[in-house]
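Working notes, structure below.
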Amino acid sequence: MPRIRHTAAFALITVAAFALTACGAGDPAAAPAGAAGPAASAKGNIPTQDVVSPVKKNEAAAALLPADVRASGTLTIASSIGAPPGATYLPDGKTVAGTDIDIADAAARALGLELKRETAAFEAILPALDSGKYDLGTGNFGVTDERRKTIDFVTYLNDGQGFAVRDDSRLTKVTDLSQLCGLTVGTAAGTTFEVTLEENKHLCTETGRKPYDVKTYSEPGAIWASLQQGRSDVVMSTINGLRYAVRQQEGVRFLNEFKRLDVGFAFRKGTPLAPAFRAAVNGLKADGTYDRILQKWGIGASAIETSRISPPEIK
């Protein structure tokens, strides 16, 4: 299929897929990661269910907050706004929505807190936590052993790494990164995807093959444009994000999951906030709010059994 047609389609899809939200109901226990119910199958659908405002204060969880935080009643959160279903902008260009947003807002309500949200670039959030600029951050941050050295996490999802390609690609499944030798891989800057790719280039050179080329982008739309226009042969990104994005575009397909990772709220190392947020997330699971959020965004298979503080990386 001509790339011109795909590029034109992508220009429209960018509005729907990266400025709007579009997932619907699915069985939270059985739906595959990123799967969607009937409402989510239509491109550009926006889930409008309010699943946050009914959340009641969890007194036991709130009691775990430091006294100064309970007194102020506010925290500053940095949110990376990338692509649905994680976090995106609504049509007004100002309101943010997504799984990260709903879970953070629900946890805050459970703790009796107001979140002062600032949007920030994904790669800027973790360093800014250490400086004290923000109290916590969201951005589909995967929990890795390397990140745990400097960041504390409170988990709320299980997502991970996956691949997508154009329909004309010969790739059928990537189980070893050496299968990418000689290709160009598009991914987001400052992510676990970039780190994983860079750390494994030696798999190609050690066997005398041309290394794959890693192209990084700050905007999700640019990653997909690079694939559609032939500047990238394959895209590496979040499992849920890939499944969502390929439903919104012609000529591309989800390839496979590569590695699962826990995803969590990010805090500066040694934060006293982590126990309270863990209790809040587990409280949301107990009262059904958590499942309703994942059902709303069609990512039921990314549910965790229980929230944990900085668990070891999933190997």
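FYI, nothing fancy with the structure tokens labels: chains A, B, ... in order, residues from 1 per chain, ligands from 1 as they appear.
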
**Report entry** Residue contacts of range 108-119 of chain A (7 Å, only C-alpha atoms) excluding same-chain residues fewer than 2 positions away, as a VMD selection string
**Finding:** chain A and resid 55 to 58 61 to 62 73 to 81 104 to 106 280

May I have the residues from that selection written out with N, CA and C atoms, as a CSV table (one decimal), in the first residue's frame?
```
chain,number,residue,atom,x,y,z
A,55,VAL,N,-14.7,8.2,44.7
A,55,VAL,CA,-13.8,7.6,45.7
A,55,VAL,C,-13.9,8.4,47.0
A,56,LYS,N,-14.0,7.6,48.1
A,56,LYS,CA,-14.0,8.1,49.5
A,56,LYS,C,-12.7,8.1,50.1
A,57,LYS,N,-12.5,8.9,51.1
A,57,LYS,CA,-11.2,9.0,51.8
A,57,LYS,C,-10.9,7.7,52.5
A,58,ASN,N,-9.7,7.2,52.4
A,58,ASN,CA,-9.3,6.0,53.1
A,58,ASN,C,-8.5,6.4,54.3
A,61,ALA,N,-5.2,4.6,55.1
A,61,ALA,CA,-4.1,5.0,54.2
A,61,ALA,C,-3.6,6.4,54.5
A,62,ALA,N,-4.6,7.3,54.7
A,62,ALA,CA,-4.2,8.7,54.9
A,62,ALA,C,-3.4,8.9,56.2
A,73,GLY,N,-2.2,19.2,52.8
A,73,GLY,CA,-3.3,18.7,51.9
A,73,GLY,C,-3.0,18.7,50.4
A,74,THR,N,-1.7,19.0,50.1
A,74,THR,CA,-1.4,19.1,48.6
A,74,THR,C,-0.1,18.4,48.3
A,75,LEU,N,0.0,17.9,47.1
A,75,LEU,CA,1.3,17.4,46.6
A,75,LEU,C,1.4,17.9,45.1
A,76,THR,N,2.7,18.0,44.7
A,76,THR,CA,2.9,18.4,43.3
A,76,THR,C,3.3,17.2,42.5
A,77,ILE,N,2.6,16.9,41.4
A,77,ILE,CA,2.8,15.8,40.6
A,77,ILE,C,3.2,16.2,39.2
A,78,ALA,N,4.2,15.5,38.7
A,78,ALA,CA,4.6,15.8,37.3
A,78,ALA,C,4.1,14.6,36.4
A,79,SER,N,3.4,15.0,35.4
A,79,SER,CA,2.8,14.0,34.5
A,79,SER,C,3.3,14.1,33.1
A,80,SER,N,3.9,13.0,32.6
A,80,SER,CA,4.3,13.0,31.2
A,80,SER,C,3.1,12.7,30.4
A,81,ILE,N,2.7,13.5,29.4
A,81,ILE,CA,1.6,13.4,28.6
A,81,ILE,C,2.0,12.9,27.2
A,104,ALA,N,-3.8,8.2,39.5
A,104,ALA,CA,-3.2,9.2,40.4
A,104,ALA,C,-4.3,10.0,41.1
A,105,ASP,N,-5.3,10.4,40.4
A,105,ASP,CA,-6.4,11.2,41.0
A,105,ASP,C,-7.2,10.4,42.0
A,106,ALA,N,-7.4,9.2,41.7
A,106,ALA,CA,-8.2,8.3,42.6
A,106,ALA,C,-7.4,8.1,43.9
A,280,ALA,N,-3.2,3.3,49.5
A,280,ALA,CA,-4.3,3.9,48.7
A,280,ALA,C,-4.6,3.0,47.5
```

Report task. Taking the DSSP assignment computed from this structure's backbone, write out as a list in words all residues of range 129-186 of chain A that belong to alpha helix (DSSP H). Result -> Leu129, Asp130, Ser131, Asp145, Glu146, Arg147 and Arg148 of chain A

Query raised in the report: Out of A:Ser131, A:Thr191, A:Gln228, A:Asn256, which residue has the shortest atom-to-atom distance to Lys173 in chain A when counting only C-alpha atoms?
Result: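 Answer, going by the shortest atom-to-atom distance: A:Asn256.
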
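With only C-alpha atoms as the atoms that count, the minimum distance from His202 in chain A to the choices A:Trp224, A:Val143, A:Leu177, A:Leu183 is reached by A:Leu177.
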
Requested in this report: Could you give me, as a list in words, the residues within 7 Å of range 138-140 of chain A, counting only C-alpha atoms and dropping anything in the same chain fewer than 4 positions from it?
Outcome: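 Result of the neighbour search: Ala78, Ser79, Ser80, Gly86, Asp100, Phe122, Val263, Gly264, Phe265 and Ala266 of chain A.
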
**Report entry** Long-range neighbours of range 250-255 of chain A as number ranges by chain, 7 Å cut-off, only C-alpha atoms, 5 positions minimum in chain
**Finding:** A: 6, 163-167, 172-173, 242-243

**Report entry** Top pick for closest residue to Glu257 in chain A, considering A:Ala97, A:Ile309, A:Ala276, A:Val174 and counting only C-alpha atoms
**Finding:** A:Val174

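Coordinates place CA of Ser310 in chain A at a distance of 24.2 Å from CA of Met236 in chain A.
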
Report task. Using CA of Val281 in chain A and CA of Glu305 in chain A as the two end points, give the distance in Å to one decimal. Result ->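 CA of Val281 in chain A sits 10.8 Å away from CA of Glu305 in chain A.
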
Query raised in the report: Can you tell me, as a list in words, what residues are no more than 8 Å from Leu273 in chain A when counting only C-alpha atoms, ignoring any on the same chain fewer than 4 positions away?
Result: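 Residues meeting the cut-off are Leu64, Leu65, Pro66 and Phe277 of chain A.
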
Go ahead and write the selection's residues with C-alpha atoms as a tab-separated table (two decimals), in the first residue's frame.
```tsv
chain	number	residue	atom	x	y	z
A	64	LEU	CA	0.34	6.85	56.86
A	65	LEU	CA	1.10	10.23	55.31
A	66	PRO	CA	3.72	12.45	56.96
A	277	PHE	CA	0.26	5.50	48.26
```

**Report entry** Minimum-distance residue to Gln179 in chain A, chosen among A:Ser232, A:Ser302, A:Ser226, A:Thr207 (using only C-alpha atoms)
**Finding:**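 Checking each of A:Ser232, A:Ser302, A:Ser226, A:Thr207 against Gln179 in chain A, counting only C-alpha atoms, the winner is A:Thr207.
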
Query raised in the report: What's the 10 Å shell around Asn200 in chain A, counting only C-alpha atoms, without same-chain residues fewer than 5 positions away, as a PyMOL selection string?
Result: chain A and resi 176-178+195+205+211-212

Taking N, CA and C atoms for each residue, export the selection above as a PDB file, in the first residue's frame.
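And here's again_38.pdb as it stands now:
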```pdb
ATOM      1  N   ASP A 176      14.251 -12.198  20.248  1.00  0.00           N
ATOM      2  CA  ASP A 176      15.655 -11.891  20.518  1.00  0.00           C
ATOM      3  C   ASP A 176      15.998 -10.632  19.731  1.00  0.00           C
ATOM      4  N   LEU A 177      16.660  -9.670  20.382  1.00  0.00           N
ATOM      5  CA  LEU A 177      16.938  -8.402  19.716  1.00  0.00           C
ATOM      6  C   LEU A 177      17.890  -8.541  18.539  1.00  0.00           C
ATOM      7  N   SER A 178      18.574  -9.675  18.436  1.00  0.00           N
ATOM      8  CA  SER A 178      19.436  -9.895  17.273  1.00  0.00           C
ATOM      9  C   SER A 178      18.619 -10.013  15.990  1.00  0.00           C
ATOM     10  N   VAL A 195      17.168   2.221  26.493  1.00  0.00           N
ATOM     11  CA  VAL A 195      18.240   1.567  27.251  1.00  0.00           C
ATOM     12  C   VAL A 195      18.409   0.120  26.814  1.00  0.00           C
ATOM     13  N   THR A 205      26.985  -7.120  16.500  1.00  0.00           N
ATOM     14  CA  THR A 205      28.412  -7.041  16.157  1.00  0.00           C
ATOM     15  C   THR A 205      29.155  -8.314  16.528  1.00  0.00           C
ATOM     16  N   PRO A 211      24.766  -3.667  13.143  1.00  0.00           N
ATOM     17  CA  PRO A 211      23.896  -3.355  14.282  1.00  0.00           C
ATOM     18  C   PRO A 211      22.622  -2.652  13.821  1.00  0.00           C
ATOM     19  N   TYR A 212      21.575  -2.807  14.584  1.00  0.00           N
ATOM     20  CA  TYR A 212      20.377  -2.027  14.299  1.00  0.00           C
ATOM     21  C   TYR A 212      20.636  -0.584  14.696  1.00  0.00           C
TER      22      TYR A 212
END
```

Query raised in the report: Among range 76-190 of chain A, which ones does DSSP place in strand (DSSP E), written as an NGL selection string?
Result: :A and (76-79 or 88-89 or 96-97 or 114-119 or 136-138 or 151-166 or 184-188)

Can you write just those residues out, N, CA and C atoms, as a compact mmCIF listing (two decimals), in the first residue's frame?
```
# COMPACT_ATOMS: atom_id res chain seq x y z
N THR A 76 2.66 18.01 44.70
CA THR A 76 2.92 18.40 43.31
C THR A 76 3.29 17.16 42.52
N ILE A 77 2.56 16.92 41.44
CA ILE A 77 2.80 15.76 40.61
C ILE A 77 3.22 16.20 39.21
N ALA A 78 4.23 15.55 38.68
CA ALA A 78 4.65 15.78 37.29
C ALA A 78 4.11 14.64 36.45
N SER A 79 3.39 14.98 35.40
CA SER A 79 2.80 13.97 34.53
C SER A 79 3.35 14.11 33.12
N THR A 88 -3.05 11.45 27.85
CA THR A 88 -3.17 12.22 26.63
C THR A 88 -4.01 13.46 26.90
N TYR A 89 -4.11 14.35 25.92
CA TYR A 89 -4.94 15.54 26.05
C TYR A 89 -6.31 15.30 25.42
N VAL A 96 -6.19 16.71 30.72
CA VAL A 96 -5.48 15.45 30.51
C VAL A 96 -6.34 14.29 30.98
N ALA A 97 -6.14 13.14 30.36
CA ALA A 97 -6.92 11.96 30.70
C ALA A 97 -6.10 10.73 30.39
N GLU A 114 -5.02 17.04 47.46
CA GLU A 114 -5.19 17.70 46.17
C GLU A 114 -3.87 17.62 45.43
N LEU A 115 -3.92 17.17 44.18
CA LEU A 115 -2.71 17.11 43.36
C LEU A 115 -2.59 18.38 42.53
N LYS A 116 -1.45 19.04 42.65
CA LYS A 116 -1.13 20.15 41.76
C LYS A 116 -0.31 19.58 40.61
N ARG A 117 -0.96 19.42 39.47
CA ARG A 117 -0.33 18.71 38.35
C ARG A 117 0.40 19.66 37.42
N GLU A 118 1.61 19.30 37.07
CA GLU A 118 2.38 19.98 36.05
C GLU A 118 2.75 18.95 34.99
N THR A 119 2.62 19.31 33.74
CA THR A 119 3.05 18.41 32.68
C THR A 119 4.55 18.63 32.43
N LEU A 136 5.96 13.63 43.27
CA LEU A 136 5.83 12.34 42.59
C LEU A 136 5.63 12.56 41.11
N GLY A 137 5.77 11.48 40.34
CA GLY A 137 5.62 11.59 38.90
C GLY A 137 4.94 10.37 38.32
N THR A 138 4.26 10.59 37.18
CA THR A 138 3.68 9.49 36.41
C THR A 138 4.08 9.64 34.96
N ILE A 151 15.41 5.88 42.60
CA ILE A 151 13.98 6.23 42.62
C ILE A 151 13.22 5.17 43.41
N ASP A 152 12.23 5.60 44.17
CA ASP A 152 11.28 4.68 44.80
C ASP A 152 10.01 4.63 43.96
N PHE A 153 9.43 3.45 43.85
CA PHE A 153 8.21 3.26 43.07
C PHE A 153 7.11 2.66 43.93
N VAL A 154 5.88 3.02 43.60
CA VAL A 154 4.69 2.36 44.14
C VAL A 154 3.92 1.84 42.94
N THR A 155 3.83 0.54 42.78
CA THR A 155 3.30 -0.04 41.56
C THR A 155 1.78 0.04 41.49
N TYR A 156 1.29 0.19 40.24
CA TYR A 156 -0.16 0.20 40.02
C TYR A 156 -0.56 -0.46 38.70
N LEU A 157 0.39 -0.86 37.87
CA LEU A 157 0.08 -1.54 36.61
C LEU A 157 1.17 -2.54 36.27
N ASN A 158 0.85 -3.44 35.36
CA ASN A 158 1.84 -4.30 34.75
C ASN A 158 1.71 -4.12 33.24
N ASP A 159 2.71 -3.48 32.65
CA ASP A 159 2.68 -3.22 31.22
C ASP A 159 3.94 -3.83 30.62
N GLY A 160 4.76 -3.06 29.94
CA GLY A 160 6.02 -3.62 29.47
C GLY A 160 6.38 -3.20 28.07
N GLN A 161 7.25 -3.98 27.45
CA GLN A 161 7.85 -3.66 26.17
C GLN A 161 7.28 -4.52 25.05
N GLY A 162 7.05 -3.90 23.90
CA GLY A 162 6.54 -4.64 22.75
C GLY A 162 6.98 -3.98 21.46
N PHE A 163 6.56 -4.57 20.34
CA PHE A 163 6.96 -4.08 19.03
C PHE A 163 5.76 -3.95 18.10
N ALA A 164 5.87 -3.01 17.16
CA ALA A 164 4.89 -2.87 16.08
C ALA A 164 5.64 -2.60 14.78
N VAL A 165 5.04 -3.00 13.67
CA VAL A 165 5.67 -2.84 12.35
C VAL A 165 4.61 -2.44 11.34
N ARG A 166 5.06 -2.07 10.14
CA ARG A 166 4.13 -1.88 9.03
C ARG A 166 3.64 -3.24 8.55
N THR A 184 16.18 -0.29 11.38
CA THR A 184 16.09 0.96 12.14
C THR A 184 14.90 0.86 13.08
N VAL A 185 15.16 1.10 14.37
CA VAL A 185 14.13 0.96 15.39
C VAL A 185 13.78 2.34 15.94
N GLY A 186 12.52 2.71 15.90
CA GLY A 186 12.05 3.97 16.45
C GLY A 186 11.52 3.77 17.86
N THR A 187 11.88 4.66 18.78
CA THR A 187 11.39 4.55 20.15
C THR A 187 11.43 5.91 20.84
N ALA A 188 10.94 5.98 22.06
CA ALA A 188 10.88 7.24 22.79
C ALA A 188 12.18 7.50 23.55
```

Query raised in the report: CA of Lys94 in chain A and CA of Ala120 in chain A, how far apart in Å?
Result: 13.5 Å
